[in-house]
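Asker: Just so it is clear, I am handing over entry17.pdb, which has PDB, C-alpha atoms.
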ATOM      1  CA  MET A   1     -35.667  11.156  26.416
ATOM      2  CA  ARG A   2     -36.221   7.456  27.203
ATOM      3  CA  THR A   3     -34.237   4.863  25.298
ATOM      4  CA  GLY A   4     -36.558   3.201  22.826
ATOM      5  CA  ASP A   5     -39.013   6.127  22.738
ATOM      6  CA  ALA A   6     -41.129   5.592  19.600
ATOM      7  CA  ALA A   7     -41.152   9.308  18.801
ATOM      8  CA  ALA A   8     -37.374   9.324  18.657
ATOM      9  CA  ARG A   9     -37.428   6.571  16.054
ATOM     10  CA  ARG A  10     -39.773   8.297  13.630
ATOM     11  CA  PRO A  11     -38.217  10.029  10.608
ATOM     12  CA  GLY A  12     -38.292  13.814  10.701
ATOM     13  CA  ARG A  13     -38.056  14.186  14.440
ATOM     14  CA  CYS A  14     -35.559  16.248  16.408
ATOM     15  CA  PRO A  15     -32.060  16.063  14.835
ATOM     16  CA  GLN A  16     -30.607  15.533  18.302
ATOM     17  CA  ALA A  17     -32.491  12.242  18.697
ATOM     18  CA  LEU A  18     -30.047   9.464  19.527
ATOM     19  CA  ARG A  19     -30.540   5.939  20.832
ATOM     20  CA  LEU A  20     -27.194   5.430  22.543
ATOM     21  CA  ARG A  21     -25.780   1.963  23.124
ATOM     22  CA  THR A  22     -22.154   2.685  23.945
ATOM     23  CA  HIS A  23     -20.163   5.911  24.062
ATOM     24  CA  ARG A  24     -16.380   5.837  24.293
ATOM     25  CA  PRO A  25     -15.111   9.401  23.803
ATOM     26  CA  ASN A  26     -11.745   8.563  25.332
ATOM     27  CA  SER A  27     -10.981   5.663  22.988
ATOM     28  CA  PRO A  28      -8.129   6.143  20.480
ATOM     29  CA  CYS A  29     -10.600   7.208  17.795
ATOM     30  CA  GLY A  30     -13.298   8.919  19.867
ATOM     31  CA  VAL A  31     -15.696   6.217  18.708
ATOM     32  CA  VAL A  32     -19.427   6.421  19.315
ATOM     33  CA  ARG A  33     -21.399   3.202  18.933
ATOM     34  CA  VAL A  34     -25.097   3.806  18.391
ATOM     35  CA  GLY A  35     -28.237   2.376  16.908
ATOM     36  CA  ARG A  36     -30.353   4.884  14.961
ATOM     37  CA  ILE A  37     -28.711   8.280  14.738
ATOM     38  CA  ARG A  38     -29.585  11.774  13.516
ATOM     39  CA  ARG A  39     -26.957  13.829  15.275
ATOM     40  CA  VAL A  40     -24.847  16.512  13.678
ATOM     41  CA  GLY A  41     -21.134  15.987  14.243
ATOM     42  CA  LEU A  42     -20.984  12.213  13.809
ATOM     43  CA  ARG A  43     -20.028  10.211  10.718
ATOM     44  CA  ARG A  44     -21.024   6.628   9.946
ATOM     45  CA  LEU A  45     -18.089   4.212   9.729
ATOM     46  CA  ALA A  46     -20.162   1.026   9.672
ATOM     47  CA  ARG A  47     -23.626  -0.057  10.670
ATOM     48  CA  GLY A  48     -23.974   0.787  14.335
ATOM     49  CA  LEU A  49     -20.580   2.498  14.457
ATOM     50  CA  TYR A  50     -19.929   6.242  14.222
ATOM     51  CA  VAL A  51     -16.953   8.526  14.742
ATOM     52  CA  PRO A  52     -16.825  12.311  15.161
ATOM     53  CA  THR A  53     -16.996  14.235  11.889
ATOM     54  CA  ALA A  54     -13.725  15.905  12.831
ATOM     55  CA  LEU A  55     -12.098  12.531  12.175
ATOM     56  CA  ASP A  56     -12.978  12.515   8.462
ATOM     57  CA  ALA A  57      -9.344  11.695   7.770
ATOM     58  CA  THR A  58      -9.277   8.836  10.278
ATOM     59  CA  THR A  59      -6.108   6.817  10.189
ATOM     60  CA  ALA A  60      -6.160   3.074   9.664
ATOM     61  CA  ALA A  61      -5.274   2.591  13.337
ATOM     62  CA  GLN A  62      -8.176   4.795  14.466
ATOM     63  CA  GLN A  63     -10.618   2.881  12.297
ATOM     64  CA  ALA A  64      -9.223  -0.395  13.621
ATOM     65  CA  HIS A  65      -9.833   0.787  17.187
ATOM     66  CA  ALA A  66     -13.386   1.671  16.172
ATOM     67  CA  TRP A  67     -13.972  -1.864  14.871
ATOM     68  CA  ARG A  68     -12.492  -3.275  18.071
ATOM     69  CA  CYS A  69     -14.979  -1.219  20.118
ATOM     70  CA  LEU A  70     -17.797  -2.686  18.056
ATOM     71  CA  LEU A  71     -16.735  -6.330  17.733
ATOM     72  CA  GLY A  72     -14.745  -7.112  20.861
ATOM     73  CA  GLU A  73     -11.293  -8.661  20.974
ATOM     74  CA  GLU A  74     -11.466 -12.178  19.499
ATOM     75  CA  PHE A  75      -9.983 -11.383  16.101
ATOM     76  CA  THR A  76      -6.823 -10.145  14.378
ATOM     77  CA  PHE A  77      -6.468  -7.329  11.855
ATOM     78  CA  THR A  78      -4.830  -8.476   8.650
ATOM     79  CA  GLY A  79      -4.646  -7.812   4.907
ATOM     80  CA  LEU A  80      -4.901  -4.264   3.604
ATOM     81  CA  THR A  81      -6.043  -3.008   7.013
ATOM     82  CA  ALA A  82      -2.835  -4.221   8.670
ATOM     83  CA  ALA A  83      -0.765  -2.912   5.742
ATOM     84  CA  ALA A  84      -2.344   0.543   6.069
ATOM     85  CA  MET A  85      -1.736   0.537   9.828
ATOM     86  CA  ARG A  86       1.968   0.064   9.077
ATOM     87  CA  ALA A  87       1.909   2.923   6.528
ATOM     88  CA  TRP A  88       3.173   0.683   3.733
ATOM     89  CA  TRP A  89       2.840   1.650   0.085
ATOM     90  CA  ILE A  90      -0.631   0.387  -0.839
ATOM     91  CA  PRO A  91      -2.909   1.336  -3.743
ATOM     92  CA  THR A  92      -5.159   4.342  -3.259
ATOM     93  CA  LEU A  93      -8.337   2.813  -1.862
ATOM     94  CA  PRO A  94     -11.852   4.275  -1.674
ATOM     95  CA  PRO A  95     -13.422   5.158   1.703
ATOM     96  CA  ASP A  96     -15.715   2.112   1.514
ATOM     97  CA  THR A  97     -12.831  -0.364   1.460
ATOM     98  CA  PRO A  98     -13.702  -3.125   3.949
ATOM     99  CA  ALA A  99     -11.729  -3.836   7.097
ATOM    100  CA  PHE A 100      -9.885  -7.162   6.990
ATOM    101  CA  ILE A 101      -9.881  -9.439  10.024
ATOM    102  CA  ALA A 102      -8.889 -13.045  10.727
ATOM    103  CA  ILE A 103     -10.623 -15.381  13.179
ATOM    104  CA  GLY A 104     -10.192 -18.960  14.333
ATOM    105  CA  GLU A 105     -12.055 -21.822  12.756
ATOM    106  CA  ASP A 106     -14.438 -22.212  15.701
ATOM    107  CA  ASP A 107     -14.928 -18.504  16.474
ATOM    108  CA  PRO A 108     -18.329 -16.939  15.752
ATOM    109  CA  ARG A 109     -18.228 -15.108  12.433
ATOM    110  CA  PRO A 110     -19.219 -11.430  12.602
ATOM    111  CA  ARG A 111     -21.414 -10.472   9.650
ATOM    112  CA  ARG A 112     -21.354  -6.774   8.878
ATOM    113  CA  VAL A 113     -21.195  -4.630   5.795
ATOM    114  CA  GLY A 114     -17.705  -3.199   5.544
ATOM    115  CA  LEU A 115     -15.994  -6.236   7.052
ATOM    116  CA  ARG A 116     -14.044  -8.984   5.272
ATOM    117  CA  VAL A 117     -13.506 -12.064   7.454
ATOM    118  CA  ALA A 118     -11.038 -14.917   6.888
ATOM    119  CA  ARG A 119     -11.127 -18.138   8.923
ATOM    120  CA  HIS A 120      -7.877 -19.910   9.776
ATOM    121  CA  ARG A 121      -7.852 -23.488  10.994
ATOM    122  CA  ALA A 122      -4.409 -23.271  12.587
ATOM    123  CA  GLY A 123      -4.521 -19.572  13.433
ATOM    124  CA  ILE A 124      -2.023 -16.973  12.216
ATOM    125  CA  SER A 125       1.010 -15.256  13.716
ATOM    126  CA  THR A 126       0.217 -11.923  15.340
ATOM    127  CA  VAL A 127       1.964  -8.977  16.978
ATOM    128  CA  GLY A 128       0.687  -6.153  19.146
ATOM    129  CA  MET A 129       0.296  -2.678  17.621
ATOM    130  CA  ASP A 130      -1.267   0.246  19.492
ATOM    131  CA  GLY A 131      -3.068  -2.178  21.779
ATOM    132  CA  LEU A 132      -4.482  -4.212  18.873
ATOM    133  CA  ASP A 133      -3.758  -7.714  17.593
ATOM    134  CA  VAL A 134      -2.331  -7.394  14.077
ATOM    135  CA  ALA A 135      -0.999 -10.037  11.691
ATOM    136  CA  THR A 136       2.773 -10.236  11.368
ATOM    137  CA  PRO A 137       4.263  -8.394   8.360
ATOM    138  CA  ALA A 138       4.822 -11.561   6.307
ATOM    139  CA  GLU A 139       1.314 -12.820   7.101
ATOM    140  CA  THR A 140      -0.106  -9.420   6.171
ATOM    141  CA  ILE A 141       1.572  -9.499   2.758
ATOM    142  CA  LEU A 142       0.384 -13.062   2.141
ATOM    143  CA  SER A 143      -3.170 -11.969   2.921
ATOM    144  CA  CYS A 144      -2.868  -8.965   0.581
ATOM    145  CA  ALA A 145      -1.560 -11.236  -2.186
ATOM    146  CA  ARG A 146      -5.088 -12.672  -2.521
ATOM    147  CA  TYR A 147      -6.349  -9.340  -3.817
ATOM    148  CA  LEU A 148      -3.507  -7.262  -5.258
ATOM    149  CA  ALA A 149      -2.235  -7.398  -8.822
ATOM    150  CA  LEU A 150       1.368  -8.516  -9.214
ATOM    151  CA  LEU A 151       2.862  -5.016  -9.635
ATOM    152  CA  ASP A 152       0.947  -3.655  -6.635
ATOM    153  CA  LEU A 153       2.106  -6.645  -4.594
ATOM    154  CA  VAL A 154       5.754  -6.022  -5.542
ATOM    155  CA  ILE A 155       5.414  -2.392  -4.435
ATOM    156  CA  LEU A 156       3.880  -3.514  -1.133
ATOM    157  CA  GLY A 157       6.690  -6.009  -0.571
ATOM    158  CA  ASP A 158       9.342  -3.396  -1.402
ATOM    159  CA  SER A 159       7.779  -1.119   1.212
ATOM    160  CA  ALA A 160       7.832  -3.766   3.947
ATOM    161  CA  LEU A 161      11.399  -4.799   3.139
ATOM    162  CA  HIS A 162      12.641  -1.208   2.975
ATOM    163  CA  ALA A 163      11.028  -0.429   6.353
ATOM    164  CA  GLY A 164      12.761  -3.455   7.862
ATOM    165  CA  ASP A 165       9.425  -4.886   8.997
ATOM    166  CA  CYS A 166      10.263  -8.267   7.497
ATOM    167  CA  THR A 167      12.982 -10.036   5.527
ATOM    168  CA  GLU A 168      13.008 -11.871   2.218
ATOM    169  CA  ARG A 169      13.399 -15.068   4.238
ATOM    170  CA  ASP A 170      10.174 -14.279   6.122
ATOM    171  CA  LEU A 171       8.339 -13.754   2.837
ATOM    172  CA  ARG A 172       9.717 -16.965   1.331
ATOM    173  CA  ALA A 173       8.476 -18.897   4.357
ATOM    174  CA  ALA A 174       5.026 -17.333   3.979
ATOM    175  CA  ALA A 175       4.972 -18.125   0.254
ATOM    176  CA  GLU A 176       5.722 -21.806   0.907
ATOM    177  CA  GLN A 177       2.397 -22.299   2.689
ATOM    178  CA  ARG A 178      -0.529 -23.937   0.938
ATOM    179  CA  ARG A 179      -2.811 -20.943   1.171
ATOM    180  CA  ARG A 180      -4.590 -18.507  -1.064
ATOM    181  CA  GLY A 181      -2.168 -15.824  -2.192
ATOM    182  CA  ALA A 182       0.938 -17.998  -1.800
ATOM    183  CA  ARG A 183       1.332 -18.555  -5.539
ATOM    184  CA  ALA A 184       1.052 -14.826  -6.251
ATOM    185  CA  LEU A 185       3.600 -14.085  -3.535
ATOM    186  CA  ARG A 186       6.020 -16.614  -5.046
ATOM    187  CA  ARG A 187       5.730 -14.798  -8.384
ATOM    188  CA  ALA A 188       6.295 -11.415  -6.761
ATOM    189  CA  LEU A 189       9.283 -12.335  -4.596
ATOM    190  CA  PRO A 190      11.957 -12.337  -7.355
ATOM    191  CA  LEU A 191      10.818  -8.842  -8.389
ATOM    192  CA  MET A 192      11.146  -7.262  -4.914
ATOM    193  CA  HIS A 193      14.165  -5.366  -3.678
ATOM    194  CA  PRO A 194      14.768  -4.062  -0.127
ATOM    195  CA  ARG A 195      16.776  -1.006  -1.220
ATOM    196  CA  THR A 196      13.895   0.606  -3.116
ATOM    197  CA  GLU A 197      12.787   3.811  -1.384
ATOM    198  CA  SER A 198       9.467   4.735  -3.023
ATOM    199  CA  PRO A 199       6.680   3.282  -5.190
ATOM    200  CA  GLY A 200       7.938   5.361  -8.125
ATOM    201  CA  GLU A 201      11.368   3.786  -7.821
ATOM    202  CA  THR A 202       9.773   0.345  -7.874
ATOM    203  CA  LEU A 203       7.915   1.235 -11.076
ATOM    204  CA  LEU A 204      11.080   2.546 -12.736
ATOM    205  CA  ARG A 205      13.085  -0.498 -11.655
ATOM    206  CA  ILE A 206      10.460  -2.979 -12.874
ATOM    207  CA  LEU A 207      10.176  -1.112 -16.192
ATOM    208  CA  HIS A 208      13.887  -1.752 -16.759
ATOM    209  CA  THR A 209      14.170  -5.317 -15.458
ATOM    210  CA  SER A 210      11.018  -6.559 -17.192
ATOM    211  CA  SER A 211      12.417  -5.166 -20.468
ATOM    212  CA  GLY A 212      15.698  -7.016 -20.072
ATOM    213  CA  VAL A 213      17.718  -4.088 -18.720
ATOM    214  CA  PRO A 214      19.814  -5.103 -15.668
ATOM    215  CA  VAL A 215      19.947  -2.428 -12.974
ATOM    216  CA  GLU A 216      21.443  -1.919  -9.523
ATOM    217  CA  PRO A 217      19.202  -0.003  -7.072
ATOM    218  CA  GLN A 218      20.541   2.759  -4.829
ATOM    219  CA  PHE A 219      23.933   2.918  -6.511
ATOM    220  CA  VAL A 220      26.505   4.961  -4.556
ATOM    221  CA  VAL A 221      28.962   7.072  -6.564
ATOM    222  CA  HIS A 222      32.377   7.626  -4.953
ATOM    223  CA  GLN A 223      35.252   9.943  -5.744
ATOM    224  CA  GLY A 224      38.114   8.378  -3.881
ATOM    225  CA  ASP A 225      36.922   7.976  -0.301
ATOM    226  CA  ARG A 226      34.234  10.635  -0.675
ATOM    227  CA  VAL A 227      30.591   9.871  -1.503
ATOM    228  CA  VAL A 228      29.485  12.108  -4.349
ATOM    229  CA  GLY A 229      25.902  10.972  -4.501
ATOM    230  CA  ARG A 230      23.469   8.089  -4.587
ATOM    231  CA  ALA A 231      21.314   7.234  -7.614
ATOM    232  CA  ASP A 232      17.999   5.387  -7.639
ATOM    233  CA  LEU A 233      19.306   3.013 -10.322
ATOM    234  CA  ARG A 234      22.398   2.275 -12.335
ATOM    235  CA  ILE A 235      22.179   0.344 -15.588
ATOM    236  CA  CYS A 236      24.726  -2.402 -15.006
ATOM    237  CA  GLY A 237      27.856  -2.163 -17.156
ATOM    238  CA  THR A 238      27.214   1.490 -18.030
ATOM    239  CA  ARG A 239      27.502   4.943 -16.469
ATOM    240  CA  ARG A 240      23.795   5.651 -16.953
ATOM    241  CA  LEU A 241      21.847   6.546 -13.769
ATOM    242  CA  PRO A 242      18.044   6.448 -14.271
ATOM    243  CA  GLU A 243      16.247   8.233 -11.420
ATOM    244  CA  TYR A 244      12.661   8.710 -10.363
ATOM    245  CA  ASP A 245      11.765  12.391 -10.134
ATOM    246  CA  GLY A 246       8.941  12.465  -7.586
ATOM    247  CA  ALA A 247       6.977  15.386  -6.151
ATOM    248  CA  TYR A 248       9.561  15.764  -3.382
ATOM    249  CA  HIS A 249      12.052  16.961  -5.974
ATOM    250  CA  ARG A 250       9.751  19.855  -6.985
ATOM    251  CA  ASP A 251      10.572  21.730  -3.786
ATOM    252  CA  PRO A 252      12.734  24.725  -4.815
ATOM    253  CA  ALA A 253      15.482  24.031  -2.262
ATOM    254  CA  GLN A 254      15.541  20.328  -3.143
ATOM    255  CA  TYR A 255      15.564  21.185  -6.848
ATOM    256  CA  GLU A 256      18.715  23.279  -6.386
ATOM    257  CA  ARG A 257      20.392  20.504  -4.407
ATOM    258  CA  ASP A 258      19.512  18.024  -7.143
ATOM    259  CA  ARG A 259      20.983  20.248  -9.848
ATOM    260  CA  ARG A 260      24.250  20.678  -7.937
ATOM    261  CA  ARG A 261      24.460  16.941  -7.341
ATOM    262  CA  GLU A 262      23.732  16.251 -11.014
ATOM    263  CA  GLY A 263      26.539  18.637 -12.012
ATOM    264  CA  ARG A 264      28.998  16.796  -9.775
ATOM    265  CA  LEU A 265      27.990  13.432 -11.233
ATOM    266  CA  ARG A 266      28.311  14.648 -14.821
ATOM    267  CA  SER A 267      31.733  16.125 -14.100
ATOM    268  CA  LEU A 268      32.841  12.592 -13.135
ATOM    269  CA  GLY A 269      31.481  11.057 -16.329
ATOM    270  CA  TRP A 270      28.145   9.732 -14.970
ATOM    271  CA  GLU A 271      24.886  10.260 -16.856
ATOM    272  CA  PRO A 272      21.885  10.934 -14.575
ATOM    273  CA  PHE A 273      18.521  10.728 -16.390
ATOM    274  CA  SER A 274      15.401  11.785 -14.427
ATOM    275  CA  TYR A 275      11.900  10.472 -15.168
ATOM    276  CA  SER A 276       8.579  11.582 -13.678
ATOM    277  CA  VAL A 277       5.711   9.254 -12.852
ATOM    278  CA  GLU A 278       3.941  10.506 -15.985
ATOM    279  CA  SER A 279       6.915   9.381 -18.071
ATOM    280  CA  VAL A 280       6.949   5.952 -16.436
ATOM    281  CA  LEU A 281       3.228   5.382 -16.870
ATOM    282  CA  ARG A 282       2.635   7.064 -20.257
ATOM    283  CA  GLU A 283       5.993   6.987 -22.064
ATOM    284  CA  PRO A 284       7.751   3.787 -20.983
ATOM    285  CA  VAL A 285       8.980   3.152 -24.531
ATOM    286  CA  ARG A 286      10.983   6.380 -24.404
ATOM    287  CA  ILE A 287      12.661   5.219 -21.193
ATOM    288  CA  LEU A 288      13.426   1.866 -22.803
ATOM    289  CA  ARG A 289      14.929   3.663 -25.812
ATOM    290  CA  ASP A 290      17.238   5.591 -23.468
ATOM    291  CA  ALA A 291      18.293   2.347 -21.771
ATOM    292  CA  ASP A 292      18.892   0.595 -25.097
ATOM    293  CA  GLY A 293      21.121   3.493 -26.131
ATOM    294  CA  ALA A 294      23.107   3.252 -22.891
ATOM    295  CA  LEU A 295      23.628  -0.489 -23.456
ATOM    296  CA  GLY A 296      24.579   0.065 -27.083
ATOM    297  CA  ARG A 297      21.965  -2.357 -28.336
ATOM    298  CA  ALA A 298      19.295  -2.035 -31.001
ATOM    299  CA  HIS A 299      16.071  -0.456 -29.756
ATOM    300  CA  ARG A 300      13.174  -2.921 -29.897
ATOM    301  CA  PRO A 301       9.928  -1.355 -28.623
ATOM    302  CA  GLN A 302       8.322  -4.795 -28.249
ATOM    303  CA  ARG A 303      10.516  -5.394 -25.205
ATOM    304  CA  ILE A 304       8.215  -3.081 -23.247
ATOM    305  CA  LYS A 305       5.276  -5.500 -23.539
ATOM    306  CA  ALA A 306       6.155  -7.331 -20.305
ATOM    307  CA  PHE A 307       6.000  -4.045 -18.401
ATOM    308  CA  TYR A 308       2.683  -3.101 -20.004
ATOM    309  CA  ASP A 309       1.268  -6.483 -18.957
ATOM    310  CA  LEU A 310       2.223  -5.745 -15.349
ATOM    311  CA  LEU A 311       1.077  -2.134 -15.492
ATOM    312  CA  ASN A 312      -2.311  -2.795 -17.097
ATOM    313  CA  GLY A 313      -3.341  -5.172 -14.308
ATOM    314  CA  SER A 314      -2.266  -2.798 -11.544
ATOM    315  CA  SER A 315      -4.108  -0.059  -9.673
ATOM    316  CA  TYR A 316      -2.236   2.527 -11.787
ATOM    317  CA  THR A 317      -4.735   2.022 -14.619
ATOM    318  CA  LYS A 318      -8.509   2.490 -14.616
ATOM    319  CA  LEU A 319      -9.027  -1.130 -15.598
ATOM    320  CA  GLY A 320      -6.693  -2.429 -12.898
ATOM    321  CA  ALA A 321      -8.287  -0.198 -10.249
ATOM    322  CA  ALA A 322     -11.759  -1.439 -11.251
ATOM    323  CA  GLN A 323     -10.586  -5.052 -11.053
ATOM    324  CA  LEU A 324      -9.168  -4.434  -7.577
ATOM    325  CA  ARG A 325     -12.481  -2.967  -6.439
ATOM    326  CA  ALA A 326     -14.260  -6.020  -7.796
ATOM    327  CA  ARG A 327     -11.920  -8.379  -5.932
ATOM    328  CA  LEU A 328     -12.540  -6.387  -2.752
ATOM    329  CA  GLY A 329     -16.282  -6.505  -3.301
ATOM    330  CA  ILE A 330     -16.645  -2.719  -3.579
ATOM    331  CA  GLY A 331     -19.297  -1.317  -5.909
ATOM    332  CA  ASN A 332     -18.517   1.349  -8.490
TER     333      ASN A 332
END
Please go through the file and, once you have read it, give me the structure as structure tokens.

Answerer:
Amino acid sequence: MRTGDAAARRPGRCPQALRLRTHRPNSPCGVVRVGRIRRVGLRRLARGLYVPTALDATTAAQQAHAWRCLLGEEFTFTGLTAAAMRAWWIPTLPPDTPAFIAIGEDDPRPRRVGLRVARHRAGISTVGMDGLDVATPAETILSCARYLALLDLVILGDSALHAGDCTERDLRAAAEQRRRGARALRRALPLMHPRTESPGETLLRILHTSSGVPVEPQFVVHQGDRVVGRADLRICGTRRLPEYDGAYHRDPAQYERDRRREGRLRSLGWEPFSYSVESVLREPVRILRDADGALGRAHRPQRIKAFYDLLNGSSYTKLGAAQLRARLGIGN
């Protein structure tokens, strides 16, 4: 078949018809760049860009390589794309989430559906990842701060700090810039903590601190020189140990280990209290009541309002998820 054959461009013709521009089967994502396509076994990633159907669960890095095959090399991946490439804790995003790139002020601006482009007069700091130019961790978080709600941004920052990809000093330097997202990052910084080990732990910690309950993350319990266990949180000045009970703890072997550890802690006078994500999201007042009891103070349900304000704007609620989609320019 000749390229440009009119018969191949008519609807209803042979399903194998393909006007091929570029084929790169050995690229990191097996990308196929085409014009009009009616071939079984390929899935559309963007206009003019297809990947094999077998890559339905393409990783962020594979999709980034696909964009690089399409657009060339004069740009940097940033924002949620760079965060996903680093496997940070980001909100669950729909398949049509755009790719985020940064270009120089004088660079030609690519205009494609599925692409979000930011111009930078002075350029941004980059690092190499899997053969791609990617924004530095602090720059990535600053870019994400333009779109994420405060609670989602705190979770993202906790992830980066816990992974050791950046430091609080790096984030403070990024937040001092006069750029979009800097104000949001300045608000989020005091709420972040590098010792948090999961999004659920961040939620549980913020529930306590926003309600006026001081906590210490990743508290280590000793018996003499021996480590008895480590708790997600300790309510300061008490022996109460609030812990996030994630899906990992549902494994039968892990469940038995947890019960033995809990018995050891209780035998030493500590009080471990486990909470599931459903409890954190749907029954935060009950968790606050437990904390008030540990502190020996009167229970005031209105203290939970600050946490609800953070939660309601986040991707953990339908309203917050819809607002995030709107900020990203994704239709319902």

Asker: For Glu197 in chain A, work out the shell of residues within 12 Å, counting only C-alpha atoms and skipping chain neighbours fewer than 3 positions away, then give it as an MDAnalysis selection string.

Answerer: chainID A and resid 88:89 155:164 192:194 200:205 217:218 230:233 243:244 246

Asker: What would the selection look like, as number ranges by chain, if the PyMOL selection byres ((chain A and resi 169-175) around 6) were run on the coordinates I just shared?

Answerer: A: 138, 167-168, 176-177, 182, 185-186

Asker: List every residue of range 164-267 of chain A that has an atom at most 8 Å from any atom of range 284-293 of chain A, giving for each one its closest atom pair and the distance in Å to one decimal, counting only C-alpha atoms, sorted by chain and then by ascending residue number, as JSON lines.

Answerer:
{"residue": "A:Leu207", "atom": "CA", "partner": "A:Pro284", "partner_atom": "CA", "distance": 7.3}
{"residue": "A:His208", "atom": "CA", "partner": "A:Leu288", "partner_atom": "CA", "distance": 7.1}
{"residue": "A:Ser211", "atom": "CA", "partner": "A:Leu288", "partner_atom": "CA", "distance": 7.5}
{"residue": "A:Val213", "atom": "CA", "partner": "A:Ala291", "partner_atom": "CA", "distance": 7.1}
{"residue": "A:Ile235", "atom": "CA", "partner": "A:Ala291", "partner_atom": "CA", "distance": 7.6}

Asker: Would you please work out which residue, of A:Ala184, A:Ala60, A:Val117, A:Ile124, is nearest to Leu93 in chain A when using all atoms listed in the file?

Answerer: A:Ala60

Asker: Work out how far CA of Arg240 in chain A is from CA of Trp270 in chain A, in Å to one decimal.

Answerer: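 About the pair CA of Trp270 in chain A and CA of Arg240 in chain A: they are 6.3 Å apart.
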
Asker: Grab the CA of Ile90 in chain A to CA of Leu311 in chain A distance for me, in Å with one decimal place.

Answerer: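 About the pair CA of Ile90 in chain A and CA of Leu311 in chain A: they are 15.0 Å apart.
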
Asker: Can you translate the PyMOL selection byres ((chain A and resi 313) around 12) into the concrete residues it hits in this file, as number ranges by chain?

Answerer: A: 147-153, 306-312, 314-324

Asker: From the set A:Ser143, A:Thr76, A:Thr59, A:Thr97, which residue has the shortest atom-to-atom contact distance to Ala326 in chain A, counting all atoms listed in the file?

Answerer: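 Among A:Ser143, A:Thr76, A:Thr59, A:Thr97, it is A:Thr97 that comes nearest to Ala326 in chain A.
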
Asker: My list of candidates is A:Gly72, A:Gly212, A:Gly269, A:Gly131. Which is closest to Pro108 in chain A when distances are computed with only C-alpha atoms?

Answerer: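 Of A:Gly72, A:Gly212, A:Gly269, A:Gly131, the one nearest Pro108 in chain A is A:Gly72, counting only C-alpha atoms.
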
Asker: Identify the residues around (25.5, 11.2, -11.9) within a radius of 12 Å, measuring from all atoms listed in the file in the coordinates stated by the file, and give them as a tab-separated table (two decimals) with C-alpha atoms, in the frame of the given file.

Answerer:
chain	number	residue	atom	x	y	z
A	219	PHE	CA	23.93	2.92	-6.51
A	220	VAL	CA	26.50	4.96	-4.56
A	221	VAL	CA	28.96	7.07	-6.56
A	222	HIS	CA	32.38	7.63	-4.95
A	223	GLN	CA	35.25	9.94	-5.74
A	227	VAL	CA	30.59	9.87	-1.50
A	228	VAL	CA	29.48	12.11	-4.35
A	229	GLY	CA	25.90	10.97	-4.50
A	230	ARG	CA	23.47	8.09	-4.59
A	231	ALA	CA	21.31	7.23	-7.61
A	232	ASP	CA	18.00	5.39	-7.64
A	233	LEU	CA	19.31	3.01	-10.32
A	234	ARG	CA	22.40	2.28	-12.34
A	235	ILE	CA	22.18	0.34	-15.59
A	238	THR	CA	27.21	1.49	-18.03
A	239	ARG	CA	27.50	4.94	-16.47
A	240	ARG	CA	23.80	5.65	-16.95
A	241	LEU	CA	21.85	6.55	-13.77
A	242	PRO	CA	18.04	6.45	-14.27
A	243	GLU	CA	16.25	8.23	-11.42
A	258	ASP	CA	19.51	18.02	-7.14
A	259	ARG	CA	20.98	20.25	-9.85
A	260	ARG	CA	24.25	20.68	-7.94
A	261	ARG	CA	24.46	16.94	-7.34
A	262	GLU	CA	23.73	16.25	-11.01
A	263	GLY	CA	26.54	18.64	-12.01
A	264	ARG	CA	29.00	16.80	-9.78
A	265	LEU	CA	27.99	13.43	-11.23
A	266	ARG	CA	28.31	14.65	-14.82
A	267	SER	CA	31.73	16.12	-14.10
A	268	LEU	CA	32.84	12.59	-13.14
A	269	GLY	CA	31.48	11.06	-16.33
A	270	TRP	CA	28.14	9.73	-14.97
A	271	GLU	CA	24.89	10.26	-16.86
A	272	PRO	CA	21.88	10.93	-14.58
A	273	PHE	CA	18.52	10.73	-16.39
A	274	SER	CA	15.40	11.78	-14.43

Asker: Got a sec: who's within 7 Å of range 78-83 of chain A, counting only C-alpha atoms, leaving out chain neighbours fewer than 3 positions off, as a PDB file with C-alpha atoms, keeping the file's coordinate frame?

Answerer:
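Saved file part-v9.pdb follows:
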ATOM      1  CA  ALA A  60      -6.160   3.074   9.664  1.00  0.00           C
ATOM      2  CA  ARG A  86       1.968   0.064   9.077  1.00  0.00           C
ATOM      3  CA  ALA A  87       1.909   2.923   6.528  1.00  0.00           C
ATOM      4  CA  TRP A  88       3.173   0.683   3.733  1.00  0.00           C
ATOM      5  CA  ALA A  99     -11.729  -3.836   7.097  1.00  0.00           C
ATOM      6  CA  PHE A 100      -9.885  -7.162   6.990  1.00  0.00           C
ATOM      7  CA  ILE A 101      -9.881  -9.439  10.024  1.00  0.00           C
ATOM      8  CA  ALA A 102      -8.889 -13.045  10.727  1.00  0.00           C
ATOM      9  CA  VAL A 134      -2.331  -7.394  14.077  1.00  0.00           C
ATOM     10  CA  ALA A 135      -0.999 -10.037  11.691  1.00  0.00           C
ATOM     11  CA  THR A 140      -0.106  -9.420   6.171  1.00  0.00           C
ATOM     12  CA  ILE A 141       1.572  -9.499   2.758  1.00  0.00           C
ATOM     13  CA  SER A 143      -3.170 -11.969   2.921  1.00  0.00           C
ATOM     14  CA  CYS A 144      -2.868  -8.965   0.581  1.00  0.00           C
TER      15      CYS A 144
END

Asker: With a distance cut-off of 12 Å and all atoms listed in the file, select the neighbouring residues of Arg109 in chain A, excluding the residue or stretch itself and same-chain residues fewer than 4 positions from it, and output the selection as a PyMOL selection string.

Answerer: chain A and resi 71+74-75+101-105+115-120

Asker: Which one of A:Pro95, A:Asp245, A:Phe77, A:Ala298 sits closest to Thr126 in chain A if you count all atoms listed in the file?

Answerer: A:Phe77

Asker: Do you have the CA of Arg180 in chain A-CA of Arg146 in chain A distance handy?

Answerer: 6.0 Å
